[in-house]
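For reference, model_22.txt (compact mmCIF, C-alpha atoms):
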```
# COMPACT_ATOMS: atom_id res chain seq x y z
CA PRO A 1 109.90 152.49 36.13
CA GLU A 2 110.36 151.41 32.54
CA PRO A 3 113.46 153.09 30.99
CA PRO A 4 112.38 155.94 28.67
CA GLU A 5 114.98 154.96 26.02
CA GLY A 6 115.87 158.60 25.40
CA GLY A 7 114.70 162.04 26.46
CA TRP A 8 116.89 163.40 29.27
CA GLY A 9 118.79 160.11 28.95
CA TRP A 10 120.74 161.51 25.98
CA VAL A 11 122.05 164.35 28.19
CA VAL A 12 122.98 161.76 30.84
CA MET A 13 124.75 159.75 28.12
CA LEU A 14 126.86 162.77 27.10
CA ALA A 15 127.76 163.49 30.74
CA ALA A 16 128.74 159.86 31.28
CA MET A 17 130.77 159.99 28.08
CA TRP A 18 132.73 162.97 29.40
CA CYS A 19 133.24 161.10 32.68
CA ASN A 20 134.74 158.08 30.90
CA GLY A 21 136.88 160.38 28.78
CA ALA A 22 138.25 162.50 31.62
CA VAL A 23 138.92 159.59 33.99
CA PHE A 24 140.39 157.02 31.62
CA GLY A 25 141.83 159.50 29.16
CA ILE A 26 144.14 160.73 31.93
CA GLN A 27 144.78 157.20 33.22
CA ASN A 28 145.55 155.75 29.78
CA SER A 29 147.88 158.63 28.94
CA CYS A 30 149.99 157.87 31.98
CA GLY A 31 152.78 156.56 29.73
CA VAL A 32 153.57 160.14 28.67
CA LEU A 33 153.47 161.35 32.28
CA PHE A 34 155.59 158.33 33.29
CA VAL A 35 158.45 159.37 31.00
CA SER A 36 158.23 162.94 32.31
CA MET A 37 158.28 161.75 35.94
CA LEU A 38 161.33 159.56 35.26
CA ARG A 39 163.16 162.54 33.80
CA LEU A 40 162.11 164.93 36.58
CA PHE A 41 162.48 162.76 39.69
CA GLY A 42 164.93 160.09 38.52
CA GLY A 43 168.68 159.98 38.81
CA SER A 44 171.42 157.86 37.32
CA GLU A 45 172.30 156.51 40.79
CA ASP A 46 168.78 155.12 41.42
CA LYS A 47 168.62 151.66 39.85
CA GLN A 48 164.95 151.08 40.71
CA MET A 49 163.44 154.33 39.43
CA ALA A 50 161.20 152.63 36.82
CA PHE A 51 159.81 150.40 39.56
CA LYS A 52 159.16 153.34 41.92
CA THR A 53 157.65 155.60 39.26
CA ALA A 54 155.39 152.85 37.89
CA TRP A 55 153.68 152.69 41.27
CA VAL A 56 152.22 156.18 40.79
CA SER A 57 150.22 155.30 37.65
CA SER A 58 149.60 151.71 38.72
CA LEU A 59 148.31 152.69 42.15
CA SER A 60 146.08 155.29 40.54
CA MET A 61 144.45 152.85 38.11
CA GLY A 62 144.18 150.19 40.81
CA MET A 63 142.46 152.54 43.27
CA VAL A 64 139.88 153.52 40.64
CA PHE A 65 138.69 149.91 40.74
CA PHE A 66 139.58 149.08 44.36
CA CYS A 67 137.12 151.69 45.69
CA SER A 68 134.29 150.40 43.51
CA PRO A 69 132.58 148.12 46.08
CA ILE A 70 132.44 151.07 48.50
CA VAL A 71 131.23 153.37 45.71
CA SER A 72 128.42 150.95 44.85
CA ILE A 73 127.21 151.03 48.47
CA PHE A 74 127.24 154.84 48.53
CA THR A 75 125.47 154.89 45.15
CA ASP A 76 122.68 152.70 46.52
CA LEU A 77 122.40 154.85 49.66
CA PHE A 78 122.66 158.38 48.28
CA GLY A 79 122.03 158.07 44.53
CA CYS A 80 124.19 158.50 41.45
CA ARG A 81 124.14 162.31 41.34
CA LYS A 82 125.49 163.06 44.83
CA VAL A 83 128.20 160.39 44.64
CA ALA A 84 129.38 161.51 41.18
CA VAL A 85 129.55 165.21 42.12
CA ILE A 86 131.44 164.62 45.39
CA GLY A 87 133.77 162.16 43.64
CA ALA A 88 134.67 164.67 40.94
CA ALA A 89 135.38 167.32 43.60
CA VAL A 90 137.74 164.95 45.47
CA GLY A 91 139.49 164.01 42.22
CA LEU A 92 139.94 167.68 41.35
CA ALA A 93 141.50 168.32 44.79
CA GLY A 94 143.86 165.36 44.42
CA LEU A 95 145.05 166.36 40.95
CA LEU A 96 145.58 169.95 42.04
CA ALA A 97 147.56 168.82 45.10
CA SER A 98 149.74 166.66 42.83
CA SER A 99 150.93 169.77 41.03
CA PHE A 100 152.64 171.11 44.18
CA VAL A 101 154.89 168.16 45.15
CA SER A 102 158.68 168.17 44.93
CA THR A 103 159.48 164.42 45.15
CA ILE A 104 157.94 161.20 43.83
CA GLU A 105 156.70 159.88 47.20
CA PRO A 106 153.85 162.40 47.84
CA LEU A 107 152.41 161.49 44.42
CA TYR A 108 151.59 158.04 45.79
CA PHE A 109 148.96 159.73 47.97
CA THR A 110 147.87 162.82 46.00
CA TYR A 111 147.75 161.20 42.53
CA GLY A 112 147.72 157.47 43.32
CA ILE A 113 145.09 157.54 46.08
CA LEU A 114 143.24 160.87 46.42
CA PHE A 115 142.82 161.64 42.70
CA ALA A 116 142.06 157.99 41.89
CA CYS A 117 139.46 157.62 44.67
CA GLY A 118 137.70 160.72 43.38
CA CYS A 119 137.73 159.27 39.85
CA SER A 120 136.25 156.03 41.17
CA PHE A 121 133.37 157.82 42.91
CA ALA A 122 132.72 159.82 39.74
CA TYR A 123 133.05 156.90 37.33
CA GLN A 124 130.86 154.10 38.64
CA PRO A 125 127.61 156.11 38.89
CA SER A 126 128.05 156.85 35.17
CA LEU A 127 127.67 153.11 34.48
CA VAL A 128 124.70 152.60 36.80
CA ILE A 129 122.67 155.64 35.69
CA LEU A 130 122.62 154.47 32.06
CA GLY A 131 120.57 151.40 33.02
CA HIS A 132 117.92 153.72 34.47
CA TYR A 133 117.36 155.48 31.13
CA PHE A 134 118.08 152.73 28.59
CA LYS A 135 117.33 149.02 28.22
CA LYS A 136 116.87 148.09 24.57
CA ARG A 137 119.68 150.41 23.48
CA LEU A 138 121.92 149.79 26.50
CA GLY A 139 124.68 148.08 24.50
CA LEU A 140 124.83 150.90 21.96
CA VAL A 141 124.73 153.61 24.64
CA ASN A 142 127.47 151.88 26.63
CA GLY A 143 129.54 151.73 23.46
CA ILE A 144 129.12 155.47 22.87
CA VAL A 145 129.85 156.32 26.52
CA THR A 146 132.96 154.17 26.79
CA ALA A 147 134.13 155.56 23.44
CA GLY A 148 134.61 158.81 25.36
CA SER A 149 137.76 157.41 26.96
CA SER A 150 139.04 156.46 23.50
CA LEU A 151 138.43 159.98 22.23
CA PHE A 152 140.45 161.42 25.12
CA THR A 153 143.12 158.71 24.86
CA VAL A 154 143.62 159.73 21.22
CA SER A 155 143.91 163.46 21.86
CA LEU A 156 145.44 163.78 25.33
CA PRO A 157 148.92 162.33 24.59
CA PHE A 158 149.56 165.02 21.96
CA LEU A 159 148.18 167.75 24.23
CA LEU A 160 150.30 166.45 27.12
CA ARG A 161 153.41 166.36 24.93
CA VAL A 162 152.87 169.99 23.88
CA LEU A 163 152.21 171.05 27.48
CA LEU A 164 155.18 169.14 28.89
CA ASP A 165 157.51 170.64 26.29
CA SER A 166 156.21 174.21 26.70
CA VAL A 167 155.52 174.22 30.45
CA ASP A 168 156.57 171.75 33.15
CA LEU A 169 154.86 168.64 34.56
CA PHE A 170 153.21 170.53 37.40
CA ASN A 171 151.53 173.14 35.18
CA THR A 172 150.38 170.30 32.92
CA LEU A 173 148.61 168.70 35.90
CA ARG A 174 146.95 172.04 36.63
CA VAL A 175 145.62 172.21 33.07
CA LEU A 176 144.18 168.70 33.51
CA CYS A 177 142.23 170.03 36.50
CA ILE A 178 139.94 171.76 33.96
CA LEU A 179 138.74 168.34 32.78
CA MET A 180 137.89 167.35 36.35
CA PHE A 181 136.01 170.62 36.95
CA ILE A 182 133.81 169.97 33.90
CA LEU A 183 133.29 166.42 35.22
CA PHE A 184 132.11 167.97 38.51
CA LEU A 185 129.46 169.95 36.61
CA ALA A 186 128.47 166.92 34.48
CA GLY A 187 127.57 164.94 37.61
CA PHE A 188 124.60 167.23 38.26
CA THR A 189 122.85 165.83 35.16
CA TYR A 190 122.39 162.37 36.74
CA ARG A 191 118.76 163.03 37.60
CA PRO A 192 117.17 159.96 39.22
CA LEU A 193 113.94 158.54 37.82
CA VAL A 194 111.10 158.53 40.37
CA SER A 195 109.23 155.24 40.26
CA SER A 196 105.93 156.09 41.97
CA THR A 197 103.82 158.76 43.69
CA LYS A 198 104.90 157.34 47.05
CA ASP A 199 108.56 157.84 46.15
CA LYS A 200 107.83 161.39 44.99
CA GLU A 201 106.18 162.22 48.30
CA GLY A 202 109.06 160.67 50.21
CA GLY A 203 111.50 162.72 48.15
CA LYS A 204 109.61 165.97 48.82
CA LYS A 205 109.56 165.35 52.55
CA GLY A 206 113.27 164.61 52.46
CA LYS A 207 112.93 161.39 54.44
CA PHE A 208 115.88 159.03 54.45
CA ARG A 209 115.56 155.51 55.73
CA PHE A 210 118.87 153.77 56.38
CA PRO A 211 118.66 150.30 54.83
CA THR A 212 119.55 147.05 56.54
CA ASP A 213 123.06 145.55 56.49
CA LYS A 214 121.92 143.05 53.87
CA LYS A 215 120.84 145.92 51.62
CA ILE A 216 124.05 147.90 52.21
CA CYS A 217 126.42 145.06 51.31
CA ASN A 218 124.58 142.85 48.87
CA PHE A 219 126.81 139.77 48.89
CA SER A 220 123.88 137.73 47.56
CA VAL A 221 125.15 138.42 44.02
CA PHE A 222 127.91 135.89 44.73
CA LYS A 223 125.25 133.20 45.13
CA VAL A 224 124.80 133.41 41.36
CA LEU A 225 127.35 130.89 40.10
CA SER A 226 127.73 132.43 36.65
CA TYR A 227 128.45 135.86 38.19
CA ARG A 228 130.90 134.31 40.65
CA ILE A 229 132.94 132.75 37.84
CA TRP A 230 132.80 135.98 35.83
CA ALA A 231 133.85 138.12 38.82
CA PHE A 232 136.96 135.99 39.43
CA GLY A 233 137.72 135.08 35.81
CA ILE A 234 138.08 138.67 34.60
CA PRO A 235 140.61 139.68 37.31
CA ALA A 236 142.60 136.55 36.46
CA ALA A 237 142.87 137.87 32.91
CA LEU A 238 144.00 141.37 33.87
CA PHE A 239 147.41 140.90 35.51
CA GLY A 240 149.12 142.14 32.36
CA TYR A 241 146.34 144.36 30.98
CA PHE A 242 147.68 147.75 32.14
CA VAL A 243 151.38 147.00 31.45
CA PRO A 244 151.39 148.34 27.83
CA TYR A 245 149.68 151.59 28.86
CA VAL A 246 152.35 152.33 31.48
CA HIS A 247 155.54 150.97 29.87
CA LEU A 248 155.01 151.05 26.10
CA MET A 249 156.30 154.62 25.74
CA ASN A 250 159.50 153.82 27.62
CA HIS A 251 159.91 150.55 25.69
CA VAL A 252 159.79 152.49 22.41
CA LYS A 253 162.42 154.93 23.70
CA ASP A 254 164.67 152.03 24.71
CA ARG A 255 164.34 150.26 21.37
CA PHE A 256 163.97 153.06 18.80
CA GLY A 257 165.38 156.09 20.62
CA ASP A 258 163.89 159.56 20.19
CA ASN A 259 163.58 159.26 16.40
CA VAL A 260 159.99 157.95 16.41
CA PRO A 261 156.76 159.64 17.61
CA GLU A 262 155.82 157.20 20.37
CA GLU A 263 152.54 159.07 21.05
CA VAL A 264 151.24 157.63 17.77
CA LEU A 265 150.93 154.27 19.52
CA LEU A 266 148.50 155.69 22.10
CA LEU A 267 146.68 157.35 19.20
CA CYS A 268 146.29 153.94 17.52
CA LEU A 269 145.14 152.32 20.76
CA GLY A 270 142.61 155.09 21.35
CA ILE A 271 141.15 155.23 17.83
CA THR A 272 140.61 151.49 17.40
CA SER A 273 139.41 151.14 21.01
CA GLY A 274 136.72 153.72 20.26
CA VAL A 275 135.78 151.93 17.04
CA GLY A 276 135.67 148.62 18.91
CA ARG A 277 133.37 150.03 21.58
CA LEU A 278 130.91 151.38 19.03
CA ILE A 279 130.91 148.24 16.88
CA PHE A 280 130.89 145.59 19.60
CA GLY A 281 128.51 147.60 21.78
CA ARG A 282 125.96 147.45 18.97
CA VAL A 283 126.75 143.81 18.17
CA ALA A 284 126.15 142.91 21.84
CA ASP A 285 122.54 144.14 21.54
CA TYR A 286 121.89 141.37 19.00
CA ILE A 287 123.55 138.59 21.04
CA PRO A 288 121.04 137.06 23.47
CA GLY A 289 121.65 136.75 27.19
CA ALA A 290 124.95 135.64 28.66
CA LYS A 291 126.32 134.64 25.25
CA LYS A 292 127.70 138.19 25.13
CA ILE A 293 130.57 136.78 27.22
CA TYR A 294 131.94 135.05 24.12
CA LEU A 295 132.88 138.53 22.86
CA GLN A 296 134.97 139.04 25.99
CA VAL A 297 136.61 135.64 25.53
CA ALA A 298 137.67 136.61 22.00
CA SER A 299 138.90 140.01 23.20
CA PHE A 300 141.09 138.50 25.93
CA PHE A 301 142.59 136.04 23.47
CA PHE A 302 143.65 138.80 21.07
CA ILE A 303 144.82 141.17 23.85
CA GLY A 304 147.10 138.46 25.23
CA LEU A 305 148.41 137.58 21.79
CA MET A 306 149.13 141.21 20.86
CA SER A 307 150.93 141.83 24.16
CA MET A 308 153.25 138.90 23.43
CA MET A 309 153.94 140.28 19.96
CA ILE A 310 155.18 143.69 21.20
CA PRO A 311 158.77 142.47 21.88
CA LEU A 312 158.85 140.80 18.45
CA CYS A 313 158.30 144.12 16.65
CA HIS A 314 161.67 145.47 15.52
CA VAL A 315 160.02 147.86 13.05
CA PHE A 316 157.93 150.77 14.31
CA GLY A 317 155.23 150.07 11.69
CA ALA A 318 154.73 146.56 13.07
CA LEU A 319 154.25 148.02 16.54
CA ILE A 320 151.56 150.33 15.15
CA ALA A 321 149.71 147.33 13.67
CA VAL A 322 149.86 145.50 17.02
CA CYS A 323 148.45 148.54 18.85
CA LEU A 324 145.61 148.86 16.31
CA PHE A 325 144.46 145.29 16.98
CA MET A 326 145.00 145.57 20.74
CA GLY A 327 142.88 148.73 20.90
CA LEU A 328 140.05 147.17 18.89
CA PHE A 329 139.63 144.23 21.28
CA ASP A 330 140.27 146.38 24.34
CA GLY A 331 137.19 148.34 23.29
CA CYS A 332 135.23 145.11 22.91
CA PHE A 333 136.13 143.96 26.44
CA ILE A 334 135.21 147.26 28.12
CA CYS A 335 131.96 148.24 26.39
CA ILE A 336 130.03 145.06 27.25
CA MET A 337 130.90 144.80 30.95
CA ALA A 338 127.76 146.61 32.13
CA PRO A 339 125.36 144.75 29.75
CA ILE A 340 126.79 141.41 30.92
CA ALA A 341 126.34 142.40 34.57
CA PHE A 342 122.68 143.26 33.86
CA GLU A 343 122.24 139.83 32.24
CA LEU A 344 123.84 137.84 35.07
CA VAL A 345 122.29 139.48 38.17
CA GLY A 346 119.46 141.71 36.91
CA ALA A 347 118.90 145.46 37.23
CA GLN A 348 118.13 145.31 40.98
CA ASP A 349 121.64 144.17 41.99
CA VAL A 350 123.71 145.54 39.11
CA SER A 351 125.25 148.45 41.01
CA GLN A 352 127.00 146.32 43.60
CA ALA A 353 127.68 143.53 41.09
CA ILE A 354 129.71 146.01 39.00
CA GLY A 355 131.28 147.40 42.18
CA PHE A 356 132.50 144.03 43.42
CA LEU A 357 133.86 143.14 39.98
CA LEU A 358 135.81 146.39 39.64
CA GLY A 359 137.11 145.97 43.19
CA LEU A 360 138.47 142.51 42.36
CA MET A 361 140.01 143.91 39.16
CA SER A 362 142.04 146.43 41.18
CA VAL A 363 144.56 143.92 42.51
CA PRO A 364 145.93 142.55 39.20
CA MET A 365 145.82 145.97 37.55
CA THR A 366 147.85 147.46 40.41
CA VAL A 367 150.61 144.85 40.70
CA GLY A 368 151.20 144.24 36.97
CA PRO A 369 153.03 147.46 35.94
CA PRO A 370 155.40 147.61 38.97
CA ILE A 371 156.42 143.99 38.36
CA ALA A 372 157.08 144.88 34.71
CA GLY A 373 159.14 147.88 35.88
CA LEU A 374 161.11 145.66 38.27
CA LEU A 375 161.86 143.20 35.45
CA HIS A 376 163.08 146.11 33.31
CA ASP A 377 165.36 147.35 36.12
CA LYS A 378 166.84 143.86 36.57
CA LEU A 379 167.09 142.75 32.91
CA GLY A 380 167.48 146.10 31.15
CA THR A 381 164.63 145.29 28.73
CA TYR A 382 160.84 144.98 28.70
CA ASP A 383 160.73 141.86 26.52
CA VAL A 384 160.11 139.32 29.31
CA ALA A 385 157.55 141.66 30.93
CA PHE A 386 155.45 141.84 27.74
CA TYR A 387 155.66 138.08 27.18
CA LEU A 388 154.43 137.41 30.71
CA ALA A 389 151.72 140.09 30.39
CA GLY A 390 150.15 138.11 27.54
CA VAL A 391 149.65 134.90 29.52
CA PRO A 392 146.87 135.94 32.03
CA PRO A 393 144.39 137.10 29.34
CA LEU A 394 144.60 133.66 27.68
CA ILE A 395 143.95 131.89 31.00
CA GLY A 396 141.13 134.27 31.98
CA GLY A 397 139.44 133.91 28.60
CA ALA A 398 139.46 130.11 28.94
CA ILE A 399 137.76 130.42 32.37
CA LEU A 400 134.96 132.60 30.98
CA CYS A 401 134.03 130.14 28.21
CA CYS A 402 131.81 128.02 30.47
CA ILE A 403 129.67 130.88 31.86
CA PRO A 404 126.91 130.99 29.16
CA TRP A 405 126.21 127.26 29.57
CA ILE A 406 126.13 127.54 33.40
CA HIS A 407 123.88 130.61 33.26
CA GLU A 408 121.36 128.90 30.99
CA ARG A 409 121.16 125.94 33.36
CA GLN A 410 120.56 128.32 36.27
CA LYS A 411 117.74 130.05 34.41
CA LEU A 412 116.05 126.72 33.65
CA LYS A 413 116.16 125.78 37.35
CA GLU A 414 114.74 129.16 38.36
CA ARG A 415 111.88 128.82 35.86
CA ALA A 416 110.95 125.44 37.34
CA LYS A 417 110.81 126.75 40.94
CA PRO A 418 108.07 129.41 40.52
CA VAL A 419 105.79 126.92 38.73
CA ASP A 420 105.93 124.55 41.70
CA GLY A 421 105.43 127.46 44.10
CA GLU A 422 102.38 128.76 42.21
CA THR A 423 100.82 125.29 42.08
CA THR A 424 101.25 124.83 45.83
CA GLU A 425 99.85 128.31 46.50
CA LYS A 426 96.75 127.65 44.36
CA MET A 427 96.13 124.33 46.14
CA LEU A 428 96.30 126.09 49.53
CA GLU A 429 93.92 128.82 48.31
CA ASN A 430 91.39 126.23 47.05
CA GLU A 431 91.63 124.33 50.32
CA SER A 432 91.04 127.47 52.41
CA THR A 433 88.06 128.42 50.20
CA LEU A 434 86.42 125.02 50.73
CA VAL A 435 86.94 125.25 54.48
CA SER A 436 85.45 128.76 54.64
CA ASN A 437 82.43 127.72 52.55
CA THR A 438 81.81 124.77 54.85
CA ILE A 439 81.90 127.03 57.90
CA GLU A 440 79.74 129.77 56.35
CA LYS A 441 76.97 127.42 55.17
CA PRO A 442 75.68 126.21 58.54
CA THR A 443 76.10 129.71 59.96
CA GLY A 444 73.85 131.08 57.21
CA GLU A 445 71.22 128.37 57.78
CA LEU A 446 71.18 129.17 61.48
CA GLU A 447 70.69 132.89 60.80
CA SER A 448 67.79 132.26 58.40
CA GLY A 449 66.10 129.93 60.93
CA ILE A 450 66.20 132.60 63.60
```
Would you encode the structure as structure tokens?
Amino acid sequence: PEPPEGGWGWVVMLAAMWCNGAVFGIQNSCGVLFVSMLRLFGGSEDKQMAFKTAWVSSLSMGMVFFCSPIVSIFTDLFGCRKVAVIGAAVGLAGLLASSFVSTIEPLYFTYGILFACGCSFAYQPSLVILGHYFKKRLGLVNGIVTAGSSLFTVSLPFLLRVLLDSVDLFNTLRVLCILMFILFLAGFTYRPLVSSTKDKEGGKKGKFRFPTDKKICNFSVFKVLSYRIWAFGIPAALFGYFVPYVHLMNHVKDRFGDNVPEEVLLLCLGITSGVGRLIFGRVADYIPGAKKIYLQVASFFFIGLMSMMIPLCHVFGALIAVCLFMGLFDGCFICIMAPIAFELVGAQDVSQAIGFLLGLMSVPMTVGPPIAGLLHDKLGTYDVAFYLAGVPPLIGGAILCCIPWIHERQKLKERAKPVDGETTEKMLENESTLVSNTIEKPTGELESGI
């Protein structure tokens, strides 16, 4: 059915906004938890503690995206509401289990896998359901929804700092379980739109037809060349993307000591990321077709440049300025992912198109922070890690530049095909009509003679 552009969709938008906030607010605030984990589980004799601890946050963020192809299949089979509710319940169980561990190793499973998988199953339906309720305002709505993570990224570091100072790490994780419980309730708002009377009747009878293998795993999206380049170009740009979120807090402690409020940097990232999502989400609505990708190209260029500038900042104020710009273009990159997917593959295949993309993104986002931690353990500084983290976004942005041109050529070819098909079909219809008239005429004469 045609998206209603509002109505119950505004409630869905608020629920999806909370989902983005709870999931990525916790993930993006991992720098604060990282420092606390180092202090709690680390020891002076362990020379690779930064490397080991980085795997907790890195594995968690990677699994959010790694599960996405599977989540997209379940979303197509069972609908957004069921998948989101079950995902939030699993995430809640994983986070609660993380608050009862005594060493770093169990966190790899409870926080890095179980909690993250639950977040993934809760998160992706929030992207898909928006396309059911909005079309003309999809860019704006996506901007508002993804701004939820910015709102949480701004506020959570200060809340976490207060909690970690007043209670311990484990009680802090238990407090965060409240966010996941609210997310569990929010999933019930993802009411599906019924397209026809036939679908309504099928829903009332409770019939469930298991689709074919082709429907379950829709690899046909990779036949679209522009999507194929986009799906591999973005992961190429993200090898260093998550490094600042994990290691920036520890880098500030190494360089400036405890005399500066390092949480201010996450505040700057969160505020400008939210502003970027609102601004560029609205701007994307005015940019036709696949040309929206040029916004992502610009965002990757600035993200890479800002990452390289982090080691050059020997004054805390300069580091704040870098984080302000990085957050702005981070918001630009994130808020237009769903609208671009709709443009490249259409609404029919968008669920699995987003799922495959997020799955491919999981690999670079997982390996980047541990490599940065390993470099810090070997060299005693994060400088080389931040320099290297800035290179992949520049390469990935260059790859994406050609997509709008390729997509336009594809559309021109597709427009030419139906015309030829329609012409052939009309010729066959005319031919069959002539044949039938020729047969009917003598038959009619014979009947009248009798």
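Nearest residue to Leu59 in chain A, choosing from A:Phe41, A:Phe242, A:Trp18, A:Tyr123 and counting all atoms listed in the file: A:Phe242.
The nearest approach to Val56 in chain A among the residues A:Asn171, A:Thr153, A:Thr146, A:Thr103, with only C-alpha atoms taken into account, belongs to A:Thr103.
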Any chance you could tabulate, as CSV, the residues of range 55-162 of chain A at most 12 Å from range 282-304 of chain A with each one's nearest atom pair and distance in Å to one decimal, using only C-alpha atoms, in chain and rising number order?
```
residue,atom,partner,partner_atom,distance
A:Phe134,CA,A:Asp285,CA,12.0
A:Lys135,CA,A:Asp285,CA,9.8
A:Lys136,CA,A:Asp285,CA,7.5
A:Arg137,CA,A:Asp285,CA,7.2
A:Leu138,CA,A:Asp285,CA,7.5
A:Gly139,CA,A:Asp285,CA,5.4
A:Leu140,CA,A:Arg282,CA,4.7
A:Val141,CA,A:Arg282,CA,8.5
A:Asn142,CA,A:Arg282,CA,9.0
A:Gly143,CA,A:Arg282,CA,7.2
A:Ile144,CA,A:Arg282,CA,9.5
```
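Candidate residues A:Gly396, A:Gly91, A:Gly281, A:Gly9 were compared for distance to Phe181 in chain A, and the nearest is A:Gly91, using all atoms listed in the file.
Take the candidates A:Gly390, A:Gly355, A:Gly397, A:Gly317 and check each one against Val128 in chain A using all atoms listed in the file; the shortest distance goes to A:Gly355.
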Which residues, protein or nucleic acid, reach to within 7 Å of (146.5, 152.7, 22.9) in the file's coordinates when using only C-alpha atoms, and can you give that as a PDB file with C-alpha atoms, keeping the file's coordinate frame?
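Okay, this is what ended up in selection-v9.pdb:
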```
ATOM      1  CA  TYR A 245     149.680 151.590  28.860  1.00  0.00           C
ATOM      2  CA  LEU A 265     150.930 154.270  19.520  1.00  0.00           C
ATOM      3  CA  LEU A 266     148.500 155.690  22.100  1.00  0.00           C
ATOM      4  CA  LEU A 267     146.680 157.350  19.200  1.00  0.00           C
ATOM      5  CA  CYS A 268     146.290 153.940  17.520  1.00  0.00           C
ATOM      6  CA  LEU A 269     145.140 152.320  20.760  1.00  0.00           C
ATOM      7  CA  GLY A 270     142.610 155.090  21.350  1.00  0.00           C
ATOM      8  CA  CYS A 323     148.450 148.540  18.850  1.00  0.00           C
ATOM      9  CA  GLY A 327     142.880 148.730  20.900  1.00  0.00           C
TER      10      GLY A 327
END
```
Counting all atoms listed in the file, find residues at most 6 Å from (131.5, 163.5, 35.8) (file frame) and give them as JSON, numbers by chain.
{"A": [19, 122, 183, 184, 186, 187]}
Using only C-alpha atoms, the best pick from A:Val264, A:Thr75, A:Asp165, A:Val243 as closest to Ser36 in chain A would be A:Asp165
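The residue set within 9 Å of Ala389 in chain A, counting all atoms listed in the file and dropping same-chain residues fewer than 3 places from it, reads Leu238, Phe239, Gly240, Tyr241, Phe242, Val243, Pro244, Gly304, Ser307, Met308, Gly368, Ala372, Val384, Ala385, Phe386, Pro392 and Pro393 of chain A.
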